[in-house]
Amino acid sequence: TQLLEQSPQFLSIQEGENLTVYCNSSSVFSSLQWYRQEPGEGPVLLVTVVTGGEVKKLKRLTFQFGDARKDSSLHITAAQPGDTGLYLCAGATNDMRFGAGTRLTVKP
Amino acid sequence: NAGVTQTPKFQVLKTGQSMTLQCAQDMNHNSMYWYRQDPGMGLRLIYYSASEGTTDKGEVPNGYNVSRLNKREFSLRLESAAPSQTSVYFCASSLGWTASGNTIYFGEGSWLTVV
């Protein structure tokens, strides 16, 4: 059983559409991070959220940390083919635990 | 800008063989990690070194050993490879401990197949 459950597991959309992916847990985290991983490469950090209810924006990406610090969401507005990749959430407890990821494909 | 460098990138082993994955970082980071990534399982922590001179087990340490050779280098050894160890292995580092929200920097991965 994964400590962090990400949904959906796969998502295929057309360029210009909006989407939201979720990261849920029954555990409370001191912080939560989102990473993006492209084929053949290691994950790269997108954002770190620390405070319950916190919202951070990175261009067309909006990240929200749940009030209880157990869950998070990533919303992408007007998706582009360059957004294609594996999106991983990671929660900090005694160490950093990763979810299995959402594999996003944005078709031109 | 090398960052985290790991070798080899690809390796095929026979069951029972041993090998060592090498990792080095040039960012003067204190903490280093070894993760494995399997389909549907995400990244799972094998071993970590919170600081030079210390190593600890992570989530899936069985069948592996590690050595923090110095501040820069952290190696992962498979003493007797098994097919269940077929995976992509990532070395990573961070300035401070990950649970404090520090950014983790990953290498490009090592693809290991055990036949």
# chains A, B, ... in the order shown; residues from 1 in each chain; ligands from 1
>>> interface_residues(of="chain A", to="chain B", cutoff="10 Å", atoms="only C-alpha atoms", output="ChimeraX atom specification")
/A:1-2,4,6,9,29-33,35,39-50,88-102
>>> write_last_selection(atoms="C-alpha atoms", output="PDB file, in the first residue's frame")
ATOM      1  CA  THR A   1       0.000   0.000   0.000  1.00  0.00           C
ATOM      2  CA  GLN A   2       1.368   3.367  -1.049  1.00  0.00           C
ATOM      3  CA  LEU A   4       0.669   8.566  -1.087  1.00  0.00           C
ATOM      4  CA  GLN A   6      -1.963   9.657  -6.858  1.00  0.00           C
ATOM      5  CA  GLN A   9      -2.607   7.075 -12.888  1.00  0.00           C
ATOM      6  CA  PHE A  29       3.092  15.744   6.201  1.00  0.00           C
ATOM      7  CA  SER A  30       5.385  18.529   7.354  1.00  0.00           C
ATOM      8  CA  SER A  31       5.799  19.491   3.704  1.00  0.00           C
ATOM      9  CA  LEU A  32       4.845  18.184   0.312  1.00  0.00           C
ATOM     10  CA  GLN A  33       6.681  18.449  -2.968  1.00  0.00           C
ATOM     11  CA  TYR A  35       8.275  16.730  -9.147  1.00  0.00           C
ATOM     12  CA  PRO A  39      11.668   9.840 -19.991  1.00  0.00           C
ATOM     13  CA  GLY A  40      15.270   8.824 -19.344  1.00  0.00           C
ATOM     14  CA  GLU A  41      15.804  11.479 -16.699  1.00  0.00           C
ATOM     15  CA  GLY A  42      15.512  11.889 -12.973  1.00  0.00           C
ATOM     16  CA  PRO A  43      12.655  13.836 -11.342  1.00  0.00           C
ATOM     17  CA  VAL A  44      12.989  17.610 -11.101  1.00  0.00           C
ATOM     18  CA  LEU A  45      11.380  19.659  -8.340  1.00  0.00           C
ATOM     19  CA  LEU A  46       8.474  21.899  -9.324  1.00  0.00           C
ATOM     20  CA  VAL A  47       7.328  23.210  -5.939  1.00  0.00           C
ATOM     21  CA  THR A  48       7.388  22.707  -2.178  1.00  0.00           C
ATOM     22  CA  VAL A  49       4.324  23.515  -0.061  1.00  0.00           C
ATOM     23  CA  VAL A  50       4.587  23.719   3.692  1.00  0.00           C
ATOM     24  CA  LEU A  88       5.189  12.770  -8.720  1.00  0.00           C
ATOM     25  CA  CYS A  89       4.155  14.007  -5.317  1.00  0.00           C
ATOM     26  CA  ALA A  90       6.370  13.423  -2.296  1.00  0.00           C
ATOM     27  CA  GLY A  91       5.494  13.913   1.356  1.00  0.00           C
ATOM     28  CA  ALA A  92       7.889  14.537   4.211  1.00  0.00           C
ATOM     29  CA  THR A  93       7.456  12.536   7.410  1.00  0.00           C
ATOM     30  CA  ASN A  94      10.615  10.997   8.859  1.00  0.00           C
ATOM     31  CA  ASP A  95      11.920  10.874   5.307  1.00  0.00           C
ATOM     32  CA  MET A  96      10.515  11.734   1.885  1.00  0.00           C
ATOM     33  CA  ARG A  97       8.000   9.247   0.477  1.00  0.00           C
ATOM     34  CA  PHE A  98       6.891   9.354  -3.155  1.00  0.00           C
ATOM     35  CA  GLY A  99       3.624   8.487  -4.817  1.00  0.00           C
ATOM     36  CA  ALA A 100       3.516   6.304  -7.936  1.00  0.00           C
ATOM     37  CA  GLY A 101       2.838   9.307 -10.150  1.00  0.00           C
ATOM     38  CA  THR A 102       0.406  10.525 -12.795  1.00  0.00           C
TER      39      THR A 102
END
>>> select_by_dssp(residues="stretch 7-51 of chain B", states="strand (DSSP E)", output="ChimeraX atom specification")
/B:7,10-13,19-25,31-38,42-49
>>> residues_around(residues="B:Ser31", least_positions_apart="3", cutoff="7 Å", atoms="only C-alpha atoms", output="ChimeraX atom specification")
/B:49-51,93-97
>>> write_last_selection(atoms="C-alpha atoms", output="compact mmCIF listing (two decimals), in the first residue's frame")
# COMPACT_ATOMS: atom_id res chain seq x y z
CA SER B 49 23.07 8.95 4.29
CA ALA B 50 21.82 11.96 6.22
CA SER B 51 25.36 13.24 6.62
CA SER B 93 21.25 14.41 -2.89
CA SER B 94 20.01 17.36 -0.87
CA LEU B 95 21.64 20.13 1.09
CA GLY B 96 19.82 19.15 4.27
CA TRP B 97 17.55 16.35 5.35
>>> residues_around(residues="stretch 68-76 of chain B", least_positions_apart="2", cutoff="9 Å", atoms="only C-alpha atoms", output="compact mmCIF listing (two decimals) with N, CA and C atoms, in the first residue's frame")
# COMPACT_ATOMS: atom_id res chain seq x y z
N MET B 19 27.46 -6.31 -8.09
CA MET B 19 27.89 -5.10 -8.77
C MET B 19 27.71 -3.90 -7.84
N THR B 20 28.39 -2.84 -8.17
CA THR B 20 28.30 -1.60 -7.41
C THR B 20 27.89 -0.47 -8.32
N LEU B 21 26.87 0.28 -7.91
CA LEU B 21 26.48 1.50 -8.60
C LEU B 21 27.19 2.66 -7.91
N GLN B 22 27.83 3.49 -8.72
CA GLN B 22 28.59 4.62 -8.19
C GLN B 22 27.79 5.90 -8.32
N CYS B 23 27.95 6.79 -7.37
CA CYS B 23 27.25 8.08 -7.41
C CYS B 23 28.15 9.15 -6.81
N ALA B 24 28.17 10.31 -7.46
CA ALA B 24 28.92 11.44 -6.93
C ALA B 24 28.12 12.71 -7.17
N GLN B 25 28.19 13.63 -6.21
CA GLN B 25 27.55 14.94 -6.37
C GLN B 25 28.59 16.03 -6.13
N ASP B 26 28.41 17.13 -6.88
CA ASP B 26 29.38 18.22 -6.78
C ASP B 26 28.76 19.48 -6.22
N MET B 27 27.66 19.34 -5.47
CA MET B 27 26.93 20.49 -4.93
C MET B 27 27.20 20.72 -3.45
N ASN B 28 28.15 19.99 -2.88
CA ASN B 28 28.50 20.11 -1.46
C ASN B 28 27.29 19.79 -0.56
N HIS B 29 26.47 18.84 -1.02
CA HIS B 29 25.30 18.46 -0.24
C HIS B 29 25.68 17.51 0.90
N ASN B 30 24.90 17.61 1.97
CA ASN B 30 25.16 16.76 3.13
C ASN B 30 24.50 15.40 3.03
N SER B 31 23.30 15.36 2.46
CA SER B 31 22.51 14.13 2.46
C SER B 31 22.49 13.51 1.07
N MET B 32 22.56 12.17 1.04
CA MET B 32 22.52 11.44 -0.23
C MET B 32 21.62 10.23 -0.08
N TYR B 33 21.05 9.80 -1.21
CA TYR B 33 20.01 8.76 -1.19
C TYR B 33 20.16 7.82 -2.38
N TRP B 34 19.66 6.63 -2.20
CA TRP B 34 19.45 5.71 -3.31
C TRP B 34 17.99 5.30 -3.32
N TYR B 47 18.36 3.14 0.71
CA TYR B 47 19.25 3.55 1.79
C TYR B 47 19.47 5.05 1.67
N TYR B 48 19.85 5.64 2.78
CA TYR B 48 20.21 7.04 2.74
C TYR B 48 21.37 7.33 3.67
N SER B 49 21.99 8.48 3.43
CA SER B 49 23.07 8.95 4.29
C SER B 49 22.73 10.40 4.63
N SER B 51 24.15 12.41 6.60
CA SER B 51 25.36 13.24 6.62
C SER B 51 26.56 12.32 6.44
N GLU B 52 27.69 12.91 6.12
CA GLU B 52 28.90 12.13 5.91
C GLU B 52 29.19 11.31 7.16
N GLY B 53 29.46 10.02 6.95
CA GLY B 53 29.79 9.15 8.07
C GLY B 53 28.62 8.37 8.61
N THR B 54 27.41 8.63 8.10
CA THR B 54 26.24 7.89 8.57
C THR B 54 25.49 7.30 7.39
N THR B 55 24.93 6.11 7.59
CA THR B 55 24.04 5.50 6.60
C THR B 55 22.90 4.81 7.35
N TYR B 64 20.69 -5.09 -0.45
CA TYR B 64 21.57 -3.98 -0.82
C TYR B 64 22.47 -3.59 0.35
N ASN B 65 23.62 -3.01 0.00
CA ASN B 65 24.48 -2.36 0.97
C ASN B 65 24.96 -1.04 0.38
N VAL B 66 25.34 -0.12 1.24
CA VAL B 66 25.81 1.18 0.77
C VAL B 66 27.09 1.57 1.49
N LEU B 78 24.99 -4.41 -4.84
CA LEU B 78 24.15 -5.60 -4.86
C LEU B 78 25.08 -6.79 -4.70
N CYS B 91 20.23 7.81 -7.83
CA CYS B 91 20.96 8.43 -6.74
C CYS B 91 20.47 9.87 -6.64
>>> residues_around(residues="B:Val114", least_positions_apart="2", cutoff="6 Å", atoms="only C-alpha atoms", output="list in words")
Val12, Leu13, Lys14, Thr15, Pro83 and Thr86 of chain B
>>> decode(residues="stretch 83-98 of chain A", atoms="C-alpha atoms", output="JSON list (two decimals), in the first residue's frame")
[["chain", "number", "residue", "atom", "x", "y", "z"],
["A", 83, "ASP", "CA", 3.76, 19.54, -20.01],
["A", 84, "THR", "CA", 3.93, 15.86, -20.95],
["A", 85, "GLY", "CA", 5.66, 13.80, -18.28],
["A", 86, "LEU", "CA", 5.31, 11.88, -15.05],
["A", 87, "TYR", "CA", 4.14, 14.03, -12.13],
["A", 88, "LEU", "CA", 5.19, 12.77, -8.72],
["A", 89, "CYS", "CA", 4.15, 14.01, -5.32],
["A", 90, "ALA", "CA", 6.37, 13.42, -2.30],
["A", 91, "GLY", "CA", 5.49, 13.91, 1.36],
["A", 92, "ALA", "CA", 7.89, 14.54, 4.21],
["A", 93, "THR", "CA", 7.46, 12.54, 7.41],
["A", 94, "ASN", "CA", 10.62, 11.00, 8.86],
["A", 95, "ASP", "CA", 11.92, 10.87, 5.31],
["A", 96, "MET", "CA", 10.51, 11.73, 1.89],
["A", 97, "ARG", "CA", 8.00, 9.25, 0.48],
["A", 98, "PHE", "CA", 6.89, 9.35, -3.15]]
